[in-house]
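query_14.pdb (PDB, C-alpha atoms)
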```pdb
ATOM      1  CA  MET A   1       9.919 -17.066  -6.845
ATOM      2  CA  PRO A   2       8.363 -19.387  -4.296
ATOM      3  CA  ALA A   3      10.406 -20.157  -1.234
ATOM      4  CA  MET A   4      11.402 -23.779  -0.893
ATOM      5  CA  ALA A   5      10.446 -24.253   2.718
ATOM      6  CA  ASP A   6       6.884 -22.995   2.407
ATOM      7  CA  GLU A   7       5.077 -26.304   2.721
ATOM      8  CA  THR A   8       7.134 -27.592   5.589
ATOM      9  CA  LEU A   9       6.655 -24.403   7.532
ATOM     10  CA  PHE A  10       2.951 -24.530   6.962
ATOM     11  CA  GLN A  11       2.746 -28.147   8.101
ATOM     12  CA  LEU A  12       4.649 -27.414  11.288
ATOM     13  CA  LEU A  13       2.534 -24.356  11.988
ATOM     14  CA  HIS A  14      -0.604 -26.352  11.403
ATOM     15  CA  THR A  15       0.489 -29.059  13.816
ATOM     16  CA  GLN A  16       1.048 -26.458  16.486
ATOM     17  CA  VAL A  17      -2.276 -24.786  15.781
ATOM     18  CA  VAL A  18      -4.057 -28.102  16.272
ATOM     19  CA  ALA A  19      -2.190 -28.680  19.510
ATOM     20  CA  ALA A  20      -3.040 -25.174  20.725
ATOM     21  CA  ALA A  21      -6.710 -25.621  19.902
ATOM     22  CA  TYR A  22      -6.809 -28.621  22.191
ATOM     23  CA  GLY A  23      -4.417 -27.511  24.858
ATOM     24  CA  ALA A  24      -5.019 -24.910  27.512
ATOM     25  CA  GLY A  25      -7.685 -26.906  29.257
ATOM     26  CA  ARG A  26     -10.279 -26.941  26.590
ATOM     27  CA  GLY A  27     -11.473 -30.246  27.890
ATOM     28  CA  SER A  28     -10.803 -33.664  26.551
ATOM     29  CA  GLY A  29     -14.278 -35.103  26.333
ATOM     30  CA  ASP A  30     -16.656 -34.892  23.453
ATOM     31  CA  GLU A  31     -17.441 -31.253  24.237
ATOM     32  CA  GLY A  32     -13.830 -30.279  24.092
ATOM     33  CA  LEU A  33     -13.323 -32.163  20.879
ATOM     34  CA  ARG A  34     -16.207 -30.404  19.206
ATOM     35  CA  ALA A  35     -15.122 -26.986  20.433
ATOM     36  CA  GLY A  36     -11.634 -27.533  19.104
ATOM     37  CA  LEU A  37     -12.916 -28.673  15.744
ATOM     38  CA  THR A  38     -15.145 -25.612  15.500
ATOM     39  CA  VAL A  39     -12.272 -23.291  16.253
ATOM     40  CA  LEU A  40     -10.044 -24.911  13.663
ATOM     41  CA  GLU A  41     -12.765 -24.938  11.066
ATOM     42  CA  GLY A  42     -13.526 -21.279  11.702
ATOM     43  CA  MET A  43      -9.870 -20.411  11.230
ATOM     44  CA  GLY A  44      -9.803 -22.309   7.990
ATOM     45  CA  PHE A  45     -12.926 -20.497   6.847
ATOM     46  CA  ARG A  46     -11.401 -17.047   7.240
ATOM     47  CA  VAL A  47      -8.179 -18.104   5.549
ATOM     48  CA  GLY A  48     -10.222 -19.587   2.734
ATOM     49  CA  GLN A  49     -11.954 -16.270   2.170
ATOM     50  CA  GLY A  50      -8.664 -14.459   1.839
ATOM     51  CA  LEU A  51      -7.253 -17.121  -0.444
ATOM     52  CA  ALA A  52     -10.304 -16.946  -2.686
ATOM     53  CA  GLU A  53      -9.466 -13.312  -3.352
ATOM     54  CA  ARG A  54      -5.806 -13.792  -3.923
ATOM     55  CA  LEU A  55      -5.482 -17.014  -5.846
ATOM     56  CA  PRO A  56      -7.633 -16.415  -8.932
ATOM     57  CA  GLN A  57      -5.673 -13.262  -9.763
ATOM     58  CA  GLY A  58      -5.777 -12.950 -13.487
ATOM     59  CA  ALA A  59      -7.808 -16.098 -13.865
ATOM     60  CA  LEU A  60     -10.921 -15.758 -15.934
ATOM     61  CA  ALA A  61     -14.350 -15.652 -14.409
ATOM     62  CA  PHE A  62     -15.703 -19.024 -13.393
ATOM     63  CA  ARG A  63     -18.419 -20.073 -15.724
ATOM     64  CA  GLU A  64     -20.020 -22.823 -13.694
ATOM     65  CA  GLU A  65     -19.746 -24.770 -10.490
ATOM     66  CA  LEU A  66     -17.534 -27.437 -11.968
ATOM     67  CA  ASP A  67     -15.024 -24.771 -12.977
ATOM     68  CA  THR A  68     -14.822 -23.595  -9.419
ATOM     69  CA  ILE A  69     -14.295 -27.095  -8.067
ATOM     70  CA  LYS A  70     -11.609 -27.758 -10.618
ATOM     71  CA  PHE A  71      -9.920 -24.538  -9.576
ATOM     72  CA  LEU A  72     -10.029 -25.816  -6.002
ATOM     73  CA  CYS A  73      -8.464 -29.121  -6.932
ATOM     74  CA  ARG A  74      -5.657 -27.627  -8.948
ATOM     75  CA  ASP A  75      -4.791 -24.138  -7.822
ATOM     76  CA  LEU A  76      -5.843 -24.165  -4.190
ATOM     77  CA  TRP A  77      -4.340 -27.560  -3.445
ATOM     78  CA  GLY A  78      -1.219 -26.590  -5.365
ATOM     79  CA  ALA A  79      -0.813 -23.365  -3.465
ATOM     80  CA  VAL A  80      -1.455 -24.835  -0.030
ATOM     81  CA  PHE A  81      -0.009 -28.334  -0.261
ATOM     82  CA  GLY A  82       2.261 -28.197  -3.286
ATOM     83  CA  LYS A  83       0.424 -30.894  -5.202
ATOM     84  CA  GLN A  84      -2.964 -31.487  -6.780
ATOM     85  CA  THR A  85      -5.749 -33.761  -5.656
ATOM     86  CA  ASP A  86      -5.563 -37.210  -7.134
ATOM     87  CA  ASN A  87      -9.166 -37.738  -8.001
ATOM     88  CA  LEU A  88     -12.358 -35.749  -8.358
ATOM     89  CA  ARG A  89     -15.716 -37.438  -8.539
ATOM     90  CA  THR A  90     -19.152 -35.911  -8.838
ATOM     91  CA  ASN A  91     -22.689 -37.060  -9.009
ATOM     92  CA  HIS A  92     -23.650 -34.005 -11.029
ATOM     93  CA  GLN A  93     -26.226 -33.131  -8.436
ATOM     94  CA  GLY A  94     -24.090 -31.048  -6.180
ATOM     95  CA  THR A  95     -21.883 -33.596  -4.461
ATOM     96  CA  TYR A  96     -18.190 -33.662  -5.172
ATOM     97  CA  ILE A  97     -15.574 -35.996  -3.770
ATOM     98  CA  LEU A  98     -11.980 -34.820  -3.782
ATOM     99  CA  GLN A  99      -9.591 -37.617  -3.144
ATOM    100  CA  ASP A 100      -6.018 -37.195  -2.120
ATOM    101  CA  ASN A 101      -3.888 -40.268  -1.645
ATOM    102  CA  ASN A 102      -1.012 -38.556   0.088
ATOM    103  CA  PHE A 103      -2.533 -35.877   2.227
ATOM    104  CA  PRO A 104       0.417 -33.838   3.511
ATOM    105  CA  PHE A 105      -0.845 -33.336   7.031
ATOM    106  CA  LEU A 106      -1.300 -37.039   7.613
ATOM    107  CA  THR A 107       1.691 -38.590   5.893
ATOM    108  CA  GLN A 108       3.858 -38.099   8.953
ATOM    109  CA  MET A 109       1.698 -40.237  11.185
ATOM    110  CA  ALA A 110       2.275 -43.850  11.977
ATOM    111  CA  TRP A 111       1.107 -46.566   9.636
ATOM    112  CA  GLY A 112      -2.020 -48.440  10.514
ATOM    113  CA  GLN A 113      -5.160 -47.689  12.451
ATOM    114  CA  GLN A 114      -3.469 -46.429  15.554
ATOM    115  CA  TYR A 115      -4.265 -42.740  15.345
ATOM    116  CA  LEU A 116      -7.413 -42.875  13.300
ATOM    117  CA  GLU A 117      -9.447 -41.050  15.969
ATOM    118  CA  GLU A 118      -6.972 -38.196  16.004
ATOM    119  CA  ALA A 119      -7.195 -37.652  12.287
ATOM    120  CA  PRO A 120     -10.313 -35.408  12.270
ATOM    121  CA  LYS A 121      -8.453 -32.758  14.236
ATOM    122  CA  PHE A 122      -5.977 -32.435  11.436
ATOM    123  CA  LEU A 123      -8.641 -32.264   8.803
ATOM    124  CA  ALA A 124     -10.836 -29.601  10.392
ATOM    125  CA  PHE A 125      -8.713 -26.686   9.232
ATOM    126  CA  THR A 126      -8.697 -27.958   5.681
ATOM    127  CA  CYS A 127     -12.451 -28.445   5.702
ATOM    128  CA  GLY A 128     -12.869 -24.875   6.838
ATOM    129  CA  LEU A 129     -10.444 -23.719   4.180
ATOM    130  CA  LEU A 130     -12.495 -25.335   1.445
ATOM    131  CA  ARG A 131     -15.768 -24.041   2.847
ATOM    132  CA  GLY A 132     -14.385 -20.501   3.113
ATOM    133  CA  THR A 133     -13.044 -20.476  -0.395
ATOM    134  CA  LEU A 134     -16.274 -21.841  -1.802
ATOM    135  CA  SER A 135     -18.457 -19.392   0.071
ATOM    136  CA  SER A 136     -16.329 -16.505  -1.085
ATOM    137  CA  LEU A 137     -16.700 -17.686  -4.654
ATOM    138  CA  GLY A 138     -20.451 -17.868  -4.261
ATOM    139  CA  ILE A 139     -21.159 -21.491  -3.398
ATOM    140  CA  GLU A 140     -22.686 -22.332  -0.032
ATOM    141  CA  SER A 141     -21.491 -25.720   0.988
ATOM    142  CA  SER A 142     -20.792 -28.147   3.751
ATOM    143  CA  VAL A 143     -17.518 -29.981   3.706
ATOM    144  CA  THR A 144     -16.790 -33.258   5.415
ATOM    145  CA  ALA A 145     -13.668 -35.322   5.380
ATOM    146  CA  SER A 146     -13.086 -38.993   5.848
ATOM    147  CA  VAL A 147      -9.936 -40.956   6.307
ATOM    148  CA  THR A 148      -9.748 -44.607   5.435
ATOM    149  CA  SER A 149      -6.330 -45.519   6.666
ATOM    150  CA  LEU A 150      -3.168 -43.794   7.747
ATOM    151  CA  PRO A 151      -1.126 -42.534   6.134
ATOM    152  CA  ALA A 152      -3.911 -41.248   3.935
TER
ATOM    153  CA  MET B   1      -9.138  10.991 -14.233
ATOM    154  CA  ALA B   2     -11.228   9.190 -11.751
ATOM    155  CA  VAL B   3     -13.922  11.244 -10.184
ATOM    156  CA  CYS B   4     -15.409   8.540  -8.019
ATOM    157  CA  ILE B   5     -14.361   5.065  -7.033
ATOM    158  CA  ALA B   6     -16.654   2.597  -5.329
ATOM    159  CA  VAL B   7     -16.306  -0.939  -4.042
ATOM    160  CA  ILE B   8     -19.550  -2.844  -3.738
ATOM    161  CA  ALA B   9     -19.983  -6.121  -1.962
ATOM    162  CA  LYS B  10     -21.608  -9.263  -3.231
ATOM    163  CA  GLU B  11     -24.912  -8.305  -1.617
ATOM    164  CA  ASN B  12     -24.875  -4.934  -3.356
ATOM    165  CA  TYR B  13     -24.138  -2.685  -0.449
ATOM    166  CA  PRO B  14     -21.180  -0.317  -0.660
ATOM    167  CA  LEU B  15     -17.967  -1.203   1.097
ATOM    168  CA  TYR B  16     -16.155   1.919   0.068
ATOM    169  CA  ILE B  17     -17.021   5.087  -1.818
ATOM    170  CA  ARG B  18     -14.743   8.027  -2.446
ATOM    171  CA  SER B  19     -15.382  10.940  -4.734
ATOM    172  CA  ILE B  20     -13.905  14.249  -5.716
ATOM    173  CA  PRO B  21     -15.235  16.753  -4.843
ATOM    174  CA  ALA B  22     -16.327  15.262  -1.596
ATOM    175  CA  GLU B  23     -19.599  17.155  -1.342
ATOM    176  CA  GLN B  24     -21.109  15.363  -4.269
ATOM    177  CA  GLU B  25     -20.878  12.016  -2.592
ATOM    178  CA  LEU B  26     -24.618  11.469  -2.419
ATOM    179  CA  LYS B  27     -24.989  12.016  -6.130
ATOM    180  CA  PHE B  28     -22.309   9.453  -6.718
ATOM    181  CA  HIS B  29     -24.042   7.018  -4.420
ATOM    182  CA  TYR B  30     -27.007   7.176  -6.785
ATOM    183  CA  THR B  31     -24.862   7.000  -9.883
ATOM    184  CA  VAL B  32     -23.026   3.950  -8.677
ATOM    185  CA  HIS B  33     -26.233   2.279  -7.626
ATOM    186  CA  THR B  34     -27.764   2.681 -11.045
ATOM    187  CA  SER B  35     -24.629   1.298 -12.628
ATOM    188  CA  LEU B  36     -25.119  -1.859 -10.610
ATOM    189  CA  ASP B  37     -28.070  -2.749 -12.767
ATOM    190  CA  VAL B  38     -25.938  -2.534 -15.865
ATOM    191  CA  VAL B  39     -23.268  -4.612 -14.183
ATOM    192  CA  ASP B  40     -25.761  -7.320 -13.307
ATOM    193  CA  GLU B  41     -27.047  -7.304 -16.830
ATOM    194  CA  LYS B  42     -23.595  -7.768 -18.266
ATOM    195  CA  VAL B  43     -22.726 -10.499 -15.820
ATOM    196  CA  SER B  44     -25.822 -12.501 -16.573
ATOM    197  CA  ALA B  45     -25.349 -11.954 -20.285
ATOM    198  CA  MET B  46     -21.847 -13.332 -19.980
ATOM    199  CA  GLY B  47     -23.201 -16.394 -18.307
ATOM    200  CA  LYS B  48     -24.952 -17.455 -21.454
ATOM    201  CA  ALA B  49     -22.385 -16.242 -23.921
ATOM    202  CA  LEU B  50     -19.464 -18.153 -25.300
ATOM    203  CA  VAL B  51     -16.120 -18.817 -23.764
ATOM    204  CA  ASP B  52     -14.296 -15.832 -25.124
ATOM    205  CA  GLN B  53     -16.062 -13.350 -22.920
ATOM    206  CA  ARG B  54     -14.849 -14.534 -19.599
ATOM    207  CA  GLU B  55     -13.042 -11.364 -18.713
ATOM    208  CA  LEU B  56     -13.450  -9.808 -15.324
ATOM    209  CA  TYR B  57     -13.257  -6.357 -16.809
ATOM    210  CA  LEU B  58     -16.640  -5.170 -17.976
ATOM    211  CA  GLY B  59     -15.656  -2.031 -19.783
ATOM    212  CA  LEU B  60     -17.636   1.096 -20.340
ATOM    213  CA  LEU B  61     -21.018   0.733 -18.731
ATOM    214  CA  TYR B  62     -22.734   3.738 -20.188
ATOM    215  CA  PRO B  63     -21.998   7.407 -20.464
ATOM    216  CA  THR B  64     -24.181  10.061 -19.014
ATOM    217  CA  GLU B  65     -24.061  13.699 -19.629
ATOM    218  CA  ASP B  66     -24.459  16.359 -17.048
ATOM    219  CA  TYR B  67     -25.231  19.633 -18.573
ATOM    220  CA  LYS B  68     -24.047  22.749 -16.837
ATOM    221  CA  VAL B  69     -25.540  25.935 -18.028
ATOM    222  CA  SER B  70     -23.887  29.261 -17.492
ATOM    223  CA  LEU B  71     -25.372  32.709 -17.972
ATOM    224  CA  LEU B  72     -23.311  35.523 -19.357
ATOM    225  CA  SER B  73     -24.910  38.526 -17.876
ATOM    226  CA  ARG B  74     -22.183  41.026 -18.664
ATOM    227  CA  LEU B  75     -24.310  42.805 -21.139
ATOM    228  CA  GLY B  76     -27.405  42.300 -19.195
ATOM    229  CA  ILE B  77     -28.511  39.805 -21.716
ATOM    230  CA  PRO B  78     -28.954  36.462 -20.219
ATOM    231  CA  CYS B  79     -27.830  34.032 -22.777
ATOM    232  CA  VAL B  80     -27.323  30.426 -22.444
ATOM    233  CA  LYS B  81     -23.767  30.540 -23.557
ATOM    234  CA  SER B  82     -22.148  27.242 -23.247
ATOM    235  CA  MET B  83     -23.445  23.970 -22.149
ATOM    236  CA  PHE B  84     -20.588  21.983 -20.762
ATOM    237  CA  PRO B  85     -21.333  18.438 -21.403
ATOM    238  CA  ASN B  86     -19.523  16.805 -18.579
ATOM    239  CA  GLN B  87     -19.239  13.368 -19.896
ATOM    240  CA  LEU B  88     -19.153  10.993 -17.014
ATOM    241  CA  HIS B  89     -18.142   7.548 -18.014
ATOM    242  CA  ARG B  90     -18.577   4.636 -15.693
ATOM    243  CA  TYR B  91     -16.479   1.538 -15.843
ATOM    244  CA  GLY B  92     -17.152  -1.703 -14.081
ATOM    245  CA  TYR B  93     -15.132  -4.688 -12.926
ATOM    246  CA  VAL B  94     -16.301  -7.814 -11.183
ATOM    247  CA  THR B  95     -14.095 -10.167  -9.209
ATOM    248  CA  ASN B  96     -14.587 -13.879  -8.882
ATOM    249  CA  SER B  97     -16.122 -13.358  -5.482
ATOM    250  CA  LYS B  98     -18.747 -11.081  -7.001
ATOM    251  CA  VAL B  99     -17.315  -7.929  -5.507
ATOM    252  CA  LYS B 100     -17.803  -5.083  -7.917
ATOM    253  CA  PHE B 101     -15.647  -2.060  -8.539
ATOM    254  CA  VAL B 102     -17.227   0.911 -10.229
ATOM    255  CA  MET B 103     -15.197   3.846 -11.432
ATOM    256  CA  VAL B 104     -16.671   7.090 -12.654
ATOM    257  CA  VAL B 105     -14.340   9.153 -14.785
ATOM    258  CA  ASP B 106     -14.717  12.591 -16.211
ATOM    259  CA  SER B 107     -13.552  12.366 -19.737
ATOM    260  CA  SER B 108     -13.765  16.007 -20.668
ATOM    261  CA  ASN B 109     -10.022  16.533 -20.710
ATOM    262  CA  THR B 110      -8.029  13.594 -21.838
ATOM    263  CA  ALA B 111      -9.697  10.494 -23.025
ATOM    264  CA  LEU B 112      -8.324   7.746 -20.873
ATOM    265  CA  ARG B 113      -7.278   4.762 -22.861
ATOM    266  CA  ASP B 114      -8.760   1.391 -22.155
ATOM    267  CA  ASN B 115      -5.421   0.062 -20.955
ATOM    268  CA  GLU B 116      -5.107   2.722 -18.333
ATOM    269  CA  ILE B 117      -8.527   1.912 -16.966
ATOM    270  CA  ARG B 118      -7.647  -1.745 -16.870
ATOM    271  CA  SER B 119      -4.460  -1.075 -14.987
ATOM    272  CA  MET B 120      -6.323   1.101 -12.521
ATOM    273  CA  PHE B 121      -8.754  -1.718 -11.883
ATOM    274  CA  ARG B 122      -5.908  -4.148 -11.451
ATOM    275  CA  LYS B 123      -4.383  -1.933  -8.792
ATOM    276  CA  LEU B 124      -7.749  -1.680  -7.101
ATOM    277  CA  HIS B 125      -8.138  -5.432  -7.143
ATOM    278  CA  ASN B 126      -4.693  -5.957  -5.651
ATOM    279  CA  SER B 127      -5.327  -3.468  -2.885
ATOM    280  CA  TYR B 128      -8.693  -5.015  -2.182
ATOM    281  CA  THR B 129      -7.078  -8.440  -1.941
ATOM    282  CA  ASP B 130      -4.621  -7.052   0.580
ATOM    283  CA  VAL B 131      -7.470  -5.651   2.638
ATOM    284  CA  MET B 132      -9.242  -9.007   2.500
ATOM    285  CA  CYS B 133      -6.203 -10.875   3.749
ATOM    286  CA  ASN B 134      -5.871  -8.611   6.735
ATOM    287  CA  PRO B 135      -6.843 -10.818   9.677
ATOM    288  CA  PHE B 136      -8.304  -7.858  11.517
ATOM    289  CA  TYR B 137     -10.726  -7.131   8.735
ATOM    290  CA  ASN B 138     -14.098  -8.841   8.810
ATOM    291  CA  PRO B 139     -15.484  -9.434   5.354
ATOM    292  CA  GLY B 140     -18.544  -7.254   4.963
ATOM    293  CA  ASP B 141     -17.358  -4.300   6.994
ATOM    294  CA  ARG B 142     -16.664  -0.930   5.474
ATOM    295  CA  ILE B 143     -13.088  -0.535   4.394
ATOM    296  CA  HIS B 144     -11.068   1.765   6.636
ATOM    297  CA  SER B 145      -7.597   0.753   5.557
ATOM    298  CA  ARG B 146      -5.197   3.606   5.162
ATOM    299  CA  ALA B 147      -3.167   1.859   2.498
ATOM    300  CA  PHE B 148      -6.298   1.392   0.447
ATOM    301  CA  ASP B 149      -7.178   5.070   0.941
ATOM    302  CA  ASN B 150      -3.749   6.153  -0.208
ATOM    303  CA  MET B 151      -3.914   4.026  -3.294
ATOM    304  CA  VAL B 152      -7.339   5.407  -4.200
ATOM    305  CA  THR B 153      -6.180   8.980  -3.573
ATOM    306  CA  SER B 154      -3.225   8.479  -5.858
ATOM    307  CA  MET B 155      -5.535   7.288  -8.593
ATOM    308  CA  MET B 156      -7.919  10.201  -8.239
ATOM    309  CA  VAL B 157      -5.395  12.964  -7.839
ATOM    310  CA  GLN B 158      -3.199  12.103 -10.751
ATOM    311  CA  VAL B 159      -5.442  13.893 -13.145
ATOM    312  CA  CYS B 160      -7.195  16.665 -11.297
TER
END
```
Now, as a test, write the supplied structure out as C-alpha cells.
Amino acid sequence: MPAMADETLFQLLHTQVVAAAYGAGRGSGDEGLRAGLTVLEGMGFRVGQGLAERLPQGALAFREELDTIKFLCRDLWGAVFGKQTDNLRTNHQGTYILQDNNFPFLTQMAWGQQYLEEAPKFLAFTCGLLRGTLSSLGIESSVTASVTSLPA
Amino acid sequence: MAVCIAVIAKENYPLYIRSIPAEQELKFHYTVHTSLDVVDEKVSAMGKALVDQRELYLGLLYPTEDYKVSLLSRLGIPCVKSMFPNQLHRYGYVTNSKVKFVMVVDSSNTALRDNEIRSMFRKLHNSYTDVMCNPFYNPGDRIHSRAFDNMVTSMMVQVC
C-alpha cells in the first residue's frame, strides 16, 4: 500500500538536492549553472535507469516507440509525481511533447515571471530521469524542458 | 533443476553466469551464447506478430542432447551399454530493457512444469531489479551482489 507522504517527501528532497548542487561554492556564473545542471541531470539519468527496470514489472513488452512514451506519460509520471501528464503530442517523426499543466516541482513557486530563470534548475533532474528511462528501454534521446509561466 | 543461469546485457555480453558443476562453465558460456541467436529470432518474430504474443517469457528455446557413453568392461567385453541422453533444456526471458535471462535445466529427473520456470524467472527479474537500483552498481558491470548470488544458489540447489 503506497505511503501517503511519498510525493511530498520527494519534492522536499528534490528541493534540497537542487540547493546542494548549487551550494558549496560551485560558482554562480554561467559555468556554475551548467555544472549544476549536468550534475542534476546525471543523477536523474541513473535514477531513470533503475526505474525503467522496476516500473514495468509484469507489464507486457513494448511493441513500438509510442507504447514506451505512453508508458512514460502514465506509469512513470504516476509513480514519481502522483498524476499523469496532461497532454502528449507527436510529429510522428521522433519528436514528442509531454505537457504538464501543474508540474509538482514548480507549483510552489510564486506566480508570475519572477523566478523564470531559476526554473531550469528544477527541471534538470526530471529531464535526466526521462532520458535515463528511455535509454534503458532502448531509445536514445535528448530531453529538453521549457516553462512558459509559473506556476507551470 | 537449473544447471546454469546466465544474465546477458543488452549488448550481448554476459553480466552473470553460474553453473553447476562449476568446472563446466566454459561449455555453458558457449551454450548460452548459441541460445542468444534463438532469443533474437523470437524477439524479432514477436515484433511482427499480433498483440497476443507480448509476453516477456520466451519459453523453451530448444533442447539439446548430450550423449554420455559408458563402457561395461566387467566381462572384458566393451559394450556400449547405455547412452544417457542428458536432455538440456534452455529457457529464455527478455526484460523490457533488453536484458536477457537464460536458464539451462537438466530435465532427466523431474520434468519442471512451465509455471515453475516462470516463477523462477520472475524471481530472477526481481533480484536483477534490486541489483539495478543499487546506487553503487554501474549498469554494465558484472554482477557481484551477494543477495543475487544467494538467490541463484537457492534456485540451483533445490533440485540437485
Within 8 Å of Ser136 (chain A) using only C-alpha atoms, minus same-chain residues under 6 positions, as a ChimeraX atom specification: /A:48-49,52-53 /B:97
Expected selection from the PyMOL selection byres ((chain B and resi 129-136) around 8), given as a PyMOL selection string: (chain A and resi 47+49-51+53-54) or (chain B and resi 125-128+137-139+143+145+148)
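Here CA of Val38 (chain B) is placed at a distance of 24.0 Å from CA of Pro56 (chain A).
Residue nearest Arg131 (chain A) within the list A:Leu33, A:Val18, A:Val143, A:Ile97: A:Val143 [criterion: smallest interatomic distance, all atoms listed in the file].
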Local residues around (-11.3, -26.4, 19.1), at most 9 Å away, using only C-alpha atoms, as number ranges by chain: A: 18, 20-22, 26, 32-41, 121
Test item: residues at most 10 Å from Phe105 (chain A), only C-alpha atoms, excluding those fewer than 6 positions along its chain, as a PyMOL selection string: chain A and resi 8+10-12+14-15+81+119+122-123+126+151-152
Can I get the selection written as a CSV table (one decimal), in the frame of the given file, with C-alpha atoms?
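Once written, result.csv looks like this:
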```csv
chain,number,residue,atom,x,y,z
A,8,THR,CA,7.1,-27.6,5.6
A,10,PHE,CA,3.0,-24.5,7.0
A,11,GLN,CA,2.7,-28.1,8.1
A,12,LEU,CA,4.6,-27.4,11.3
A,14,HIS,CA,-0.6,-26.4,11.4
A,15,THR,CA,0.5,-29.1,13.8
A,81,PHE,CA,0.0,-28.3,-0.3
A,119,ALA,CA,-7.2,-37.7,12.3
A,122,PHE,CA,-6.0,-32.4,11.4
A,123,LEU,CA,-8.6,-32.3,8.8
A,126,THR,CA,-8.7,-28.0,5.7
A,151,PRO,CA,-1.1,-42.5,6.1
A,152,ALA,CA,-3.9,-41.2,3.9
```
For Ala147 (chain B), the nearest of the candidates B:Leu124, B:Ala6, B:Pro14, B:Asp114, counting all atoms listed in the file: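 Ranked by minimum distance to Ala147 (chain B), first place goes to B:Leu124.
Every protein, DNA or RNA residue with an atom at most 8 Å from Val102 (chain B), where only C-alpha atoms count and chain neighbours fewer than 6 positions away do not, is listed here: Ile5, Ala6, Val7, Ile8, Val32, Ser35, Arg90, Tyr91, Gly92 and Tyr93 of chain B.
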Could you give me the centre and size, in Å to one decimal, of an axis-aligned box around all listed atoms of region 114-126 of chain A with 5 Å added on every side, as lines of an AutoDock Vina configuration file?
```
center_x = -7.2
center_y = -36.6
center_z = 10.8
size_x = 17.4
size_y = 29.7
size_z = 20.3
```
Selection under test: the PyMOL selection byres ((chain A and resi 70) around 12); residues as a ChimeraX atom specification: /A:62-69,71-78,84-90,96-98,134
For chain A, the nearest of the candidates B:Thr31, B:Tyr16, B:Lys98, B:Asp37, counting all atoms listed in the file: B:Lys98
Straight-line distance linking CA of Glu118 (chain A) with CA of Ser142 (chain A), stated in Å to one decimal: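 Computed distance, CA of Glu118 (chain A) to CA of Ser142 (chain A), equals 21.0 Å.
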Residue nearest chain B - candidates A:Ala145, A:Pro120, A:Ile139, A:Leu9, atoms counted: all atoms listed in the file: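 Going through A:Ala145, A:Pro120, A:Ile139, A:Leu9 one by one, the smallest distance to chain B is for A:Ile139.
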Spatial neighbours of Met155 (chain B), 12 Å, only C-alpha atoms, chain gap at least 5 places, as a list in words: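 The filter keeps Met1, Ala2, Val3, Cys4, Ile5, Arg18, Ser19, Ile20, Met103, Val104, Val105, Glu116, Ile117, Ser119, Met120, Phe121, Arg122, Lys123, Leu124, Phe148, Asp149, Asn150 and Cys160 of chain B.
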Atom pair CA of Ser141 (chain A) / CA of Gly128 (chain A): separation (Å): 10.5 Å
Option closest in space to chain B, from A:Asn91, A:Thr133, A:Gln16, A:Asn102 [counting all atoms listed in the file]: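 For chain B, the nearest of the candidates is A:Thr133.
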